[in-house]
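Single-structure report; data block below.
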Amino acid sequence: RLTTDAVEAADVVITMGCGDACPVFPGKRYLDWQLDDPAGQPADRVRPIRDEIDRRVRALLAELVPATA
């Protein structure tokens, strides 16, 4: 669950269908990743969702913490 304390401590807040139920604070970067819900799905349907989350997290990390030469 996304708590007020977690959002206050974050620079970037990623939600996956949270909608208006999530706490919103000025100065935070909010990303809403639209993904299929893995709940109750078999492993072969969950793996592509997991892989897409991994790809997005890695891309965000590369953006936030650029590699040094």
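Identifiers for the structure tokens are assigned positionally: chains receive A, B, ... in sequence, residues are indexed from 1 per chain, and ligands are indexed from 1 in the order shown.
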Can you pull out every residue from chain A that DSSP, working from the backbone, puts in helix (DSSP H, G or I), and format the result as a compact mmCIF listing (two decimals) with N, CA and C atoms, in the first residue's frame?
# COMPACT_ATOMS: atom_id res chain seq x y z
N THR A 4 1.15 7.79 2.99
CA THR A 4 1.50 9.21 2.97
C THR A 4 2.98 9.39 3.28
N ASP A 5 3.49 8.67 4.26
CA ASP A 5 4.92 8.77 4.62
C ASP A 5 5.81 8.37 3.45
N ALA A 6 5.45 7.31 2.74
CA ALA A 6 6.26 6.86 1.61
C ALA A 6 6.28 7.91 0.50
N VAL A 7 5.14 8.52 0.23
CA VAL A 7 5.07 9.55 -0.81
C VAL A 7 5.86 10.78 -0.39
N GLU A 8 5.74 11.18 0.85
CA GLU A 8 6.49 12.34 1.34
C GLU A 8 7.99 12.13 1.20
N ALA A 9 8.47 10.92 1.39
CA ALA A 9 9.90 10.62 1.34
C ALA A 9 10.41 10.42 -0.08
N GLY A 19 -5.20 5.75 -9.20
CA GLY A 19 -6.25 6.76 -9.37
C GLY A 19 -6.20 7.83 -8.30
N ASP A 20 -7.35 8.30 -7.87
CA ASP A 20 -7.44 9.41 -6.92
C ASP A 20 -7.19 8.98 -5.48
N ALA A 21 -7.01 7.69 -5.21
CA ALA A 21 -6.85 7.22 -3.85
C ALA A 21 -5.45 7.45 -3.30
N ALA A 43 1.23 -18.04 -14.46
CA ALA A 43 2.61 -17.55 -14.57
C ALA A 43 2.95 -17.07 -15.97
N ASP A 44 2.47 -17.75 -17.01
CA ASP A 44 2.82 -17.34 -18.37
C ASP A 44 2.20 -16.00 -18.76
N ARG A 45 1.17 -15.56 -18.05
CA ARG A 45 0.58 -14.23 -18.29
C ARG A 45 1.22 -13.17 -17.39
N VAL A 46 1.76 -13.61 -16.25
CA VAL A 46 2.39 -12.68 -15.31
C VAL A 46 3.81 -12.31 -15.75
N ARG A 47 4.53 -13.24 -16.34
CA ARG A 47 5.92 -12.98 -16.72
C ARG A 47 6.08 -11.75 -17.63
N PRO A 48 5.25 -11.57 -18.66
CA PRO A 48 5.41 -10.36 -19.48
C PRO A 48 5.14 -9.07 -18.70
N ILE A 49 4.23 -9.11 -17.74
CA ILE A 49 3.97 -7.94 -16.91
C ILE A 49 5.19 -7.65 -16.04
N ARG A 50 5.73 -8.70 -15.43
CA ARG A 50 6.95 -8.55 -14.62
C ARG A 50 8.09 -7.98 -15.45
N ASP A 51 8.25 -8.51 -16.67
CA ASP A 51 9.34 -8.05 -17.54
C ASP A 51 9.16 -6.59 -17.94
N GLU A 52 7.91 -6.17 -18.16
CA GLU A 52 7.65 -4.77 -18.52
C GLU A 52 7.94 -3.85 -17.34
N ILE A 53 7.59 -4.27 -16.13
CA ILE A 53 7.92 -3.47 -14.95
C ILE A 53 9.43 -3.35 -14.81
N ASP A 54 10.15 -4.45 -15.00
CA ASP A 54 11.61 -4.44 -14.93
C ASP A 54 12.19 -3.47 -15.96
N ARG A 55 11.67 -3.51 -17.19
CA ARG A 55 12.17 -2.62 -18.25
C ARG A 55 11.94 -1.16 -17.87
N ARG A 56 10.76 -0.85 -17.36
CA ARG A 56 10.44 0.53 -16.99
C ARG A 56 11.27 1.01 -15.81
N VAL A 57 11.49 0.15 -14.82
CA VAL A 57 12.31 0.53 -13.67
C VAL A 57 13.74 0.81 -14.12
N ARG A 58 14.29 -0.05 -14.96
CA ARG A 58 15.65 0.15 -15.44
C ARG A 58 15.78 1.44 -16.25
N ALA A 59 14.79 1.74 -17.08
CA ALA A 59 14.80 2.99 -17.86
C ALA A 59 14.73 4.21 -16.94
N LEU A 60 13.89 4.13 -15.91
CA LEU A 60 13.78 5.24 -14.96
C LEU A 60 15.07 5.42 -14.19
N LEU A 61 15.69 4.32 -13.76
CA LEU A 61 16.97 4.42 -13.06
C LEU A 61 18.04 5.05 -13.94
N ALA A 62 18.08 4.66 -15.20
CA ALA A 62 19.06 5.23 -16.13
C ALA A 62 18.83 6.73 -16.30
N GLU A 63 17.58 7.14 -16.26
CA GLU A 63 17.26 8.57 -16.38
C GLU A 63 17.64 9.33 -15.12
N LEU A 64 17.37 8.74 -13.95
CA LEU A 64 17.61 9.42 -12.69
C LEU A 64 19.07 9.41 -12.27
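Residues of chain A that DSSP, applied to the backbone, places in strand (DSSP E): Val12, Val13, Ile14, Thr15, Arg29, Tyr30, Leu31 and Asp32 of chain A.
Of the residues listed (A:Val65, A:Gly17, A:Val12, A:Pro42), A:Val12 shows the shortest atom-to-atom separation from Tyr30 (chain A); distances use only C-alpha atoms.
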Can you tell me which residues surround Cys22 (chain A) at a distance of at most 10 Å, considering only C-alpha atoms, apart from same-chain residues fewer than 6 positions away, and format the answer as a tab-separated table (two decimals) with C-alpha atoms, in the first residue's frame?
chain	number	residue	atom	x	y	z
A	1	ARG	CA	0.00	0.00	0.00
A	2	LEU	CA	1.19	3.49	-0.86
A	3	THR	CA	1.31	5.48	2.39
A	4	THR	CA	1.50	9.21	2.97
A	7	VAL	CA	5.07	9.55	-0.81
A	13	VAL	CA	5.97	8.09	-7.16
A	15	THR	CA	1.38	4.02	-9.39
Can you work out the spacing between CA of Asp11 (chain A) and CA of Phe25 (chain A) in Å, to one decimal?
10.3 Å
